[in-house]
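Structure file target_16.txt (compact mmCIF, C-alpha atoms) is printed below.
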```
# COMPACT_ATOMS: atom_id res chain seq x y z
CA MET A 1 -34.50 44.60 7.60
CA SER A 2 -36.65 42.90 10.26
CA LYS A 3 -39.85 44.33 11.71
CA PRO A 4 -38.32 44.92 15.20
CA VAL A 5 -35.56 47.03 13.58
CA SER A 6 -38.24 48.96 11.69
CA ILE A 7 -40.14 49.61 14.92
CA ILE A 8 -36.93 50.83 16.62
CA SER A 9 -36.29 53.12 13.63
CA ALA A 10 -39.83 54.49 13.94
CA LEU A 11 -39.36 55.15 17.67
CA PHE A 12 -36.06 56.99 17.16
CA CYS A 13 -37.63 58.98 14.33
CA THR A 14 -40.57 59.92 16.56
CA LEU A 15 -38.26 60.89 19.45
CA ILE A 16 -36.45 63.35 17.17
CA TRP A 17 -39.71 64.76 15.78
CA GLY A 18 -41.14 65.27 19.28
CA THR A 19 -38.11 67.16 20.58
CA THR A 20 -37.91 69.25 17.38
CA PHE A 21 -41.19 71.05 18.21
CA ILE A 22 -39.24 73.21 20.69
CA ALA A 23 -36.58 74.08 18.11
CA GLN A 24 -39.29 74.90 15.55
CA GLU A 25 -40.97 77.40 17.85
CA THR A 26 -37.86 79.07 19.32
CA GLY A 27 -36.17 79.18 15.92
CA MET A 28 -38.54 81.83 14.54
CA GLU A 29 -37.73 84.77 16.80
CA LYS A 30 -35.81 86.63 14.06
CA ILE A 31 -36.66 84.71 10.88
CA GLY A 32 -39.89 83.71 9.18
CA PRO A 33 -41.32 80.19 8.82
CA TYR A 34 -40.41 79.87 5.12
CA THR A 35 -36.79 80.87 5.75
CA PHE A 36 -36.58 78.51 8.72
CA ASN A 37 -37.86 75.59 6.64
CA ALA A 38 -35.67 76.48 3.64
CA VAL A 39 -32.46 76.50 5.68
CA ARG A 40 -33.49 73.61 7.92
CA PHE A 41 -34.16 71.19 5.06
CA PHE A 42 -31.13 72.35 3.07
CA VAL A 43 -28.98 71.52 6.11
CA GLY A 44 -30.70 68.12 6.22
CA PHE A 45 -29.94 67.62 2.51
CA ILE A 46 -26.22 68.42 3.01
CA ALA A 47 -26.03 66.13 6.06
CA LEU A 48 -27.37 63.14 4.10
CA ILE A 49 -25.02 63.42 1.10
CA PRO A 50 -21.97 61.63 2.62
CA PHE A 51 -24.19 58.79 3.90
CA TYR A 52 -25.68 58.36 0.44
CA LEU A 53 -22.24 58.29 -1.19
CA ILE A 54 -20.93 55.70 1.28
CA LEU A 55 -23.98 53.46 1.75
CA GLU A 56 -26.23 53.66 -1.31
CA LYS A 57 -24.64 55.14 -4.40
CA THR A 58 -23.27 51.86 -5.78
CA ASN A 59 -26.70 50.20 -5.78
CA THR A 60 -28.82 53.19 -6.80
CA LYS A 61 -28.66 52.70 -10.58
CA ARG A 62 -29.65 49.03 -10.33
CA ILE A 63 -32.57 49.72 -7.96
CA ILE A 64 -34.20 52.61 -9.81
CA SER A 65 -33.43 51.40 -13.35
CA LYS A 66 -36.55 49.19 -13.42
CA ASP A 67 -38.76 52.30 -13.51
CA LYS A 68 -36.77 55.51 -13.22
CA ARG A 69 -39.70 57.71 -14.22
CA LYS A 70 -41.91 56.27 -11.47
CA PHE A 71 -39.15 56.74 -8.88
CA ILE A 72 -38.73 60.40 -9.81
CA TYR A 73 -42.51 60.95 -9.78
CA LEU A 74 -43.05 59.35 -6.36
CA SER A 75 -39.98 60.88 -4.68
CA VAL A 76 -40.86 64.39 -5.90
CA LEU A 77 -44.50 63.84 -4.91
CA ILE A 78 -43.61 62.90 -1.32
CA GLY A 79 -41.28 65.90 -1.27
CA ILE A 80 -44.23 68.14 -2.18
CA PHE A 81 -46.41 66.49 0.48
CA LEU A 82 -43.62 67.01 3.04
CA PHE A 83 -43.21 70.64 1.96
CA LEU A 84 -46.93 71.37 2.35
CA ALA A 85 -47.15 69.51 5.67
CA SER A 86 -44.11 71.21 7.18
CA VAL A 87 -44.86 74.70 5.88
CA PHE A 88 -48.46 74.70 7.14
CA GLN A 89 -47.26 73.39 10.51
CA GLN A 90 -44.44 75.95 10.73
CA VAL A 91 -46.70 78.90 9.82
CA ALA A 92 -49.33 77.63 12.28
CA LEU A 93 -46.85 77.99 15.15
CA ILE A 94 -47.01 81.77 14.63
CA TYR A 95 -50.75 81.80 15.38
CA THR A 96 -51.15 78.97 17.88
CA ASP A 97 -49.11 77.36 20.64
CA VAL A 98 -47.12 74.13 20.64
CA ALA A 99 -49.80 72.37 22.70
CA ASN A 100 -52.51 72.99 20.10
CA ALA A 101 -50.19 72.19 17.20
CA ALA A 102 -49.06 68.92 18.79
CA PHE A 103 -52.62 67.80 19.43
CA VAL A 104 -54.13 68.72 16.05
CA THR A 105 -51.19 67.17 14.19
CA ILE A 106 -52.14 63.80 15.74
CA PHE A 107 -55.24 63.83 13.53
CA TYR A 108 -53.07 62.32 10.78
CA VAL A 109 -53.36 59.06 12.75
CA PRO A 110 -57.04 58.41 11.88
CA MET A 111 -56.60 60.13 8.50
CA VAL A 112 -54.07 57.55 7.27
CA PRO A 113 -56.32 54.45 7.45
CA ILE A 114 -59.29 56.43 6.13
CA ILE A 115 -57.32 57.66 3.08
CA VAL A 116 -55.76 54.21 2.50
CA PHE A 117 -59.20 52.57 2.66
CA PHE A 118 -60.95 54.98 0.28
CA LEU A 119 -58.05 55.82 -2.04
CA PHE A 120 -56.50 52.37 -2.47
CA LYS A 121 -59.38 50.10 -1.33
CA LYS A 122 -57.05 48.31 1.09
CA THR A 123 -58.45 46.52 4.11
CA ILE A 124 -57.32 47.80 7.50
CA HIS A 125 -56.94 45.56 10.55
CA TRP A 126 -59.73 46.41 12.99
CA SER A 127 -57.21 47.16 15.79
CA VAL A 128 -56.12 50.32 13.94
CA TRP A 129 -59.42 52.13 14.58
CA PRO A 130 -59.54 51.89 18.42
CA SER A 131 -55.78 52.50 18.53
CA ALA A 132 -56.18 55.67 16.45
CA MET A 133 -58.96 56.93 18.73
CA LEU A 134 -56.83 56.24 21.82
CA CYS A 135 -54.04 58.31 20.26
CA VAL A 136 -56.38 61.22 19.52
CA ILE A 137 -57.88 61.15 23.03
CA GLY A 138 -54.39 60.82 24.49
CA GLY A 139 -53.23 63.81 22.46
CA TYR A 140 -56.19 65.83 23.75
CA LEU A 141 -55.25 65.08 27.37
CA LEU A 142 -51.54 65.46 26.73
CA THR A 143 -51.59 68.99 25.35
CA ASN A 144 -54.14 70.77 27.58
CA PHE A 145 -56.12 71.61 24.44
CA GLN A 146 -59.30 71.89 26.53
CA ASP A 147 -58.02 75.25 27.88
CA ALA A 148 -57.38 76.77 24.45
CA THR A 149 -59.52 78.50 21.88
CA ILE A 150 -59.79 77.52 18.23
CA ARG A 151 -57.93 79.97 16.02
CA LEU A 152 -56.33 80.32 12.60
CA GLY A 153 -53.24 78.35 13.58
CA ASP A 154 -55.28 75.29 14.54
CA SER A 155 -56.99 75.28 11.14
CA LEU A 156 -53.59 75.42 9.44
CA VAL A 157 -52.43 72.42 11.47
CA VAL A 158 -55.50 70.44 10.33
CA VAL A 159 -54.45 71.09 6.72
CA SER A 160 -50.90 70.12 7.69
CA ALA A 161 -52.17 66.82 9.16
CA ILE A 162 -53.77 65.90 5.82
CA PHE A 163 -50.42 66.25 4.05
CA TRP A 164 -48.58 64.38 6.84
CA ALA A 165 -51.02 61.52 6.27
CA LEU A 166 -50.42 61.57 2.49
CA HIS A 167 -46.67 61.71 3.07
CA ILE A 168 -46.76 58.60 5.29
CA ILE A 169 -48.96 56.73 2.79
CA PHE A 170 -46.79 57.46 -0.25
CA ILE A 171 -43.56 56.73 1.65
CA GLY A 172 -45.06 53.27 2.14
CA LYS A 173 -45.67 52.98 -1.61
CA ILE A 174 -42.24 54.11 -2.78
CA ILE A 175 -40.25 52.00 -0.32
CA GLU A 176 -42.15 48.89 -1.48
CA GLU A 177 -40.57 49.22 -4.92
CA PHE A 178 -37.37 51.20 -4.42
CA ASN A 179 -35.17 50.29 -1.45
CA THR A 180 -33.15 53.53 -1.48
CA PRO A 181 -34.21 55.35 1.72
CA ILE A 182 -31.30 57.80 1.81
CA LEU A 183 -31.77 58.82 -1.84
CA ILE A 184 -35.50 59.28 -1.21
CA GLY A 185 -34.59 61.42 1.81
CA LEU A 186 -32.20 63.49 -0.32
CA VAL A 187 -34.82 64.16 -2.99
CA GLN A 188 -37.58 65.12 -0.55
CA THR A 189 -35.37 67.44 1.53
CA LEU A 190 -34.16 69.18 -1.64
CA VAL A 191 -37.77 69.62 -2.84
CA VAL A 192 -38.85 71.07 0.52
CA SER A 193 -35.86 73.42 0.71
CA SER A 194 -36.28 74.61 -2.90
CA CYS A 195 -40.01 75.31 -2.52
CA SER A 196 -39.45 77.04 0.83
CA ILE A 197 -36.68 79.30 -0.47
CA VAL A 198 -38.99 80.55 -3.23
CA LEU A 199 -41.63 81.54 -0.64
CA SER A 200 -38.92 83.03 1.59
CA LEU A 201 -37.58 85.29 -1.17
CA ILE A 202 -41.11 86.44 -2.06
CA PHE A 203 -42.64 86.99 1.39
CA GLU A 204 -39.73 87.36 3.84
CA GLU A 205 -36.36 89.00 4.30
CA PHE A 206 -33.52 86.52 3.86
CA ILE A 207 -30.95 87.95 6.30
CA ILE A 208 -27.90 85.77 6.98
CA SER A 209 -27.14 87.29 10.41
CA ASN A 210 -30.67 86.53 11.61
CA ILE A 211 -30.38 82.97 10.32
CA LEU A 212 -27.05 82.48 12.12
CA SER A 213 -28.60 83.70 15.37
CA HIS A 214 -30.78 80.56 15.28
CA LYS A 215 -28.02 78.18 14.19
CA VAL A 216 -28.54 75.77 17.10
CA GLN A 217 -32.27 75.31 16.37
CA ILE A 218 -31.64 75.09 12.62
CA LEU A 219 -28.86 72.51 12.98
CA TYR A 220 -30.96 70.38 15.32
CA ALA A 221 -34.14 70.63 13.24
CA GLY A 222 -32.13 70.27 10.03
CA ILE A 223 -29.60 67.51 10.62
CA LEU A 224 -31.59 65.36 13.04
CA SER A 225 -35.21 66.02 12.08
CA GLY A 226 -35.10 67.27 8.48
CA GLY A 227 -32.38 64.77 7.53
CA PHE A 228 -31.97 61.64 9.63
CA ALA A 229 -35.44 61.37 11.17
CA PHE A 230 -37.19 61.31 7.80
CA VAL A 231 -34.73 58.65 6.55
CA LEU A 232 -35.47 56.62 9.70
CA GLN A 233 -39.16 57.02 8.82
CA ILE A 234 -38.50 55.50 5.39
CA TYR A 235 -36.50 52.64 6.94
CA ALA A 236 -39.33 52.06 9.42
CA GLN A 237 -42.02 51.88 6.77
CA LYS A 238 -40.12 49.15 4.93
CA ASN A 239 -41.76 46.60 7.24
CA ILE A 240 -44.64 48.57 8.78
CA THR A 241 -47.76 49.47 6.80
CA PRO A 242 -48.88 53.13 6.83
CA ALA A 243 -51.75 52.88 9.36
CA PRO A 244 -49.78 51.18 12.18
CA ALA A 245 -46.78 53.39 11.36
CA ALA A 246 -48.91 56.52 11.84
CA ILE A 247 -49.94 55.25 15.28
CA ILE A 248 -46.29 54.80 16.30
CA PHE A 249 -45.43 58.26 14.95
CA SER A 250 -48.16 59.74 17.17
CA LEU A 251 -45.75 59.18 20.07
CA GLU A 252 -44.10 62.44 19.03
CA GLY A 253 -46.66 64.16 21.28
CA VAL A 254 -45.44 62.10 24.22
CA PHE A 255 -41.80 62.86 23.47
CA ALA A 256 -42.64 66.57 23.00
CA ALA A 257 -44.27 66.67 26.44
CA ILE A 258 -41.33 64.90 28.07
CA ALA A 259 -38.86 67.25 26.32
CA ALA A 260 -40.84 70.29 27.50
CA TRP A 261 -40.77 68.86 31.04
CA ILE A 262 -36.99 68.29 30.96
CA ILE A 263 -35.83 71.31 28.93
CA LEU A 264 -38.49 73.95 29.69
CA ASN A 265 -39.39 72.73 33.21
CA GLN A 266 -43.05 72.41 32.27
CA ILE A 267 -44.95 70.33 34.82
CA LEU A 268 -46.85 67.26 33.62
CA SER A 269 -50.35 67.15 35.10
CA PHE A 270 -52.37 63.99 35.76
CA ASN A 271 -54.19 64.54 32.43
CA ASN A 272 -50.85 64.79 30.62
CA ILE A 273 -49.60 61.55 32.13
CA LEU A 274 -52.91 59.83 31.35
CA GLY A 275 -52.65 61.08 27.75
CA CYS A 276 -49.14 59.60 27.47
CA ALA A 277 -50.43 56.28 28.81
CA LEU A 278 -53.34 56.16 26.33
CA ILE A 279 -51.08 56.84 23.35
CA LEU A 280 -48.58 54.22 24.52
CA PHE A 281 -51.39 51.69 24.98
CA GLY A 282 -52.75 52.52 21.50
CA VAL A 283 -49.31 51.96 19.95
CA ILE A 284 -48.76 48.65 21.77
CA PHE A 285 -52.31 47.46 20.98
CA SER A 286 -51.95 48.17 17.25
CA GLN A 287 -48.61 46.35 17.02
CA LEU A 288 -49.21 43.30 19.20
CA LEU A 289 -52.82 42.34 18.47
CA PRO A 290 -52.38 41.46 14.74
CA ASN A 291 -49.33 39.33 15.61
CA PHE A 292 -51.25 37.59 18.39
CA GLU A 293 -54.17 36.86 16.05
CA ASN A 294 -51.82 35.47 13.38
CA LYS A 295 -50.14 33.14 15.89
CA LEU A 296 -53.53 32.05 17.23
CA ARG A 297 -54.74 31.33 13.67
CA VAL A 298 -51.63 29.25 12.94
CA TYR A 299 -52.07 27.34 16.21
CA ASN A 300 -55.74 26.58 15.48
CA ASN A 301 -54.92 25.35 11.97
CA LYS A 302 -52.43 22.76 13.24
```
Whole structure, structure tokens version:
Amino acid sequence: MSKPVSIISALFCTLIWGTTFIAQETGMEKIGPYTFNAVRFFVGFIALIPFYLILEKTNTKRIISKDKRKFIYLSVLIGIFLFLASVFQQVALIYTDVANAAFVTIFYVPMVPIIVFFLFKKTIHWSVWPSAMLCVIGGYLLTNFQDATIRLGDSLVVVSAIFWALHIIFIGKIIEEFNTPILIGLVQTLVVSSCSIVLSLIFEEFIISNILSHKVQILYAGILSGGFAFVLQIYAQKNITPAPAAIIFSLEGVFAAIAAWIILNQILSFNNILGCALILFGVIFSQLLPNFENKLRVYNNK
């Protein structure tokens, strides 16, 4: 897979994530966050099975046979990171609004290069740091956070952002060695659904009629976001390192704002539009500058 295809995969993934914020919030009118996540990711798991059987099953044994134990360890680990990220974010939406949640979630953008640098001692291209700051500032302007107060929900989203960052980093590690994105997606969705159903049975009422009343939100958040978007993320990170990938994924705030404008008739202010522009500039800057420097270096060495 070429890098342009990976970037397109990342953009489609981010588009789905951004529009799913609305489904996540409206899907909890009659059910709790753990139940919503349990059903959502189970639907995603079911949706991916036929694609795995058609596209990947024949090559799976050959790909993972070189280190089956490591594959299981990494795929379950990213499933746990995804579970913790999604559950903290989903619970946070009870205590805070979508604007706050969307902004604070963007903090995984600077977290990714920081964790990669300190945890794996990998060098980060200097363009990542200003790009990450542009995304954070853009998120601040985009979500009207300056009019809100800090509350419990915002703290939960900060914790969520840490696990989103870890999820992105370890997706990058597993896809380097095991080119089975759909199988990885299957494992992580099953882990998230299984962990969520345990919390749902302990802390919430699992009522089928209430779940069915939110079938549209669950199907959208499950099939598109919980299933296909996370597989697109894995495809994307095949050719994009974690730090630049995180910057592209920050566009979910832009897509969330546009979706709210189209679906909920929310008006975009000048600050919102400026925030979109800063995030877009940060994404473009992080992707184009390293390529430009490489071409310039090759030209100078001729």
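Comparing A:Ile247, A:Ala277, A:Leu93, A:Val116 by their smallest distance to A:Leu152, the closest is A:Leu93 (using all atoms listed in the file).
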Checklist entry - Residues at most 8 Å from stretch 65-76 of chain A, counting only C-alpha atoms, excluding those fewer than 3 positions away in the same chain, as a count of residues only? => result 11
Next on the checklist: Every residue with an atom at most 12 Å from (-38.4, 75.8, 18.6) (file coordinates; only C-alpha atoms) is what I'm after, so could you write them as a PyMOL selection string?
Outcome noted: chain A and resi 17-29+31+33+36-37+40+90+93-94+97-98+214-222+256+259-260+263-264
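We find atom CA of A:Val198 and atom CA of A:Ile171 to be spaced 24.7 Å apart.
For the pair atom CA of A:Leu119 and atom CA of A:Gln233, the separation is 21.8 Å.
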Checklist entry - Can you tell me, as a ChimeraX atom specification, what residues are no more than 9 Å from A:Val91 when counting only C-alpha atoms, ignoring any on the same chain fewer than 3 positions away? => result /A:32-34,86-88,94-95,153,156-157
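Among the candidate residues A:Ile115, A:Ile7, A:Leu82, A:Leu77, the one lying nearest to A:Ser193 is A:Leu82, with distances computed using all atoms listed in the file.
With only C-alpha atoms as the basis for measurement, A:Thr35 is the residue among A:Asn179, A:Ser269, A:Ser6, A:Thr35 that approaches A:Glu204 most closely.
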Item to check | Polymer residues at most 10 Å from A:Ile273, all atoms listed in the file, same-chain spacing of 2 or more positions, as number ranges by chain | outcome: A: 138, 141-142, 254, 257-258, 268-271, 275-278
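For the pair atom CA of A:Lys121 and atom CA of A:Thr241, the separation is 14.2 Å.
For A:Ile284, the list of residues within 12 Å, based on all atoms listed in the file and with local chain neighbours fewer than 4 positions off taken out, reads Ile7, Ser127, Val128, Pro130, Ser131, Ala132, Leu134, Cys135, Pro244, Ala245, Ile247, Ile248, Leu251, Ala277, Leu278, Ile279, Leu280, Leu288, Leu289, Pro290, Asn291 and Phe292 of chain A.
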Checklist entry - Using all atoms listed in the file, which of A:Gly227, A:Gly172, A:Pro242, A:Pro4 sits nearest A:Ile46? => result A:Gly227
Checklist entry - Got a sec to check which residues sit within 9 Å of (-37.7, 61.5, 10.1), counting all atoms listed in the file, and write them as number ranges by chain? => result A: 10, 12-14, 16-17, 185, 224-234
Checklist entry - Residues at most 8 Å from A:Lys30, counting all atoms listed in the file, excluding those fewer than 5 positions away in the same chain, as a PyMOL selection string? => result chain A and resi 210-211+213-214
Can those selected residues be exported to a file as a PDB file, in the coordinates of the input so that it contains C-alpha atoms?
```pdb
ATOM      1  CA  ASN A 210     -30.670  86.530  11.610  1.00  0.00           C
ATOM      2  CA  ILE A 211     -30.380  82.970  10.320  1.00  0.00           C
ATOM      3  CA  SER A 213     -28.600  83.700  15.370  1.00  0.00           C
ATOM      4  CA  HIS A 214     -30.780  80.560  15.280  1.00  0.00           C
TER       5      HIS A 214
END
```
Write out as JSON an axis-aligned box for stretch 175-178 of chain A: all of its atoms listed in the file, 4 Å added on each side, centre and edge lengths in Å with one decimal.
```
{"center_x": -39.8, "center_y": 50.4, "center_z": -2.6, "size_x": 12.8, "size_y": 11.1, "size_z": 12.6}
```
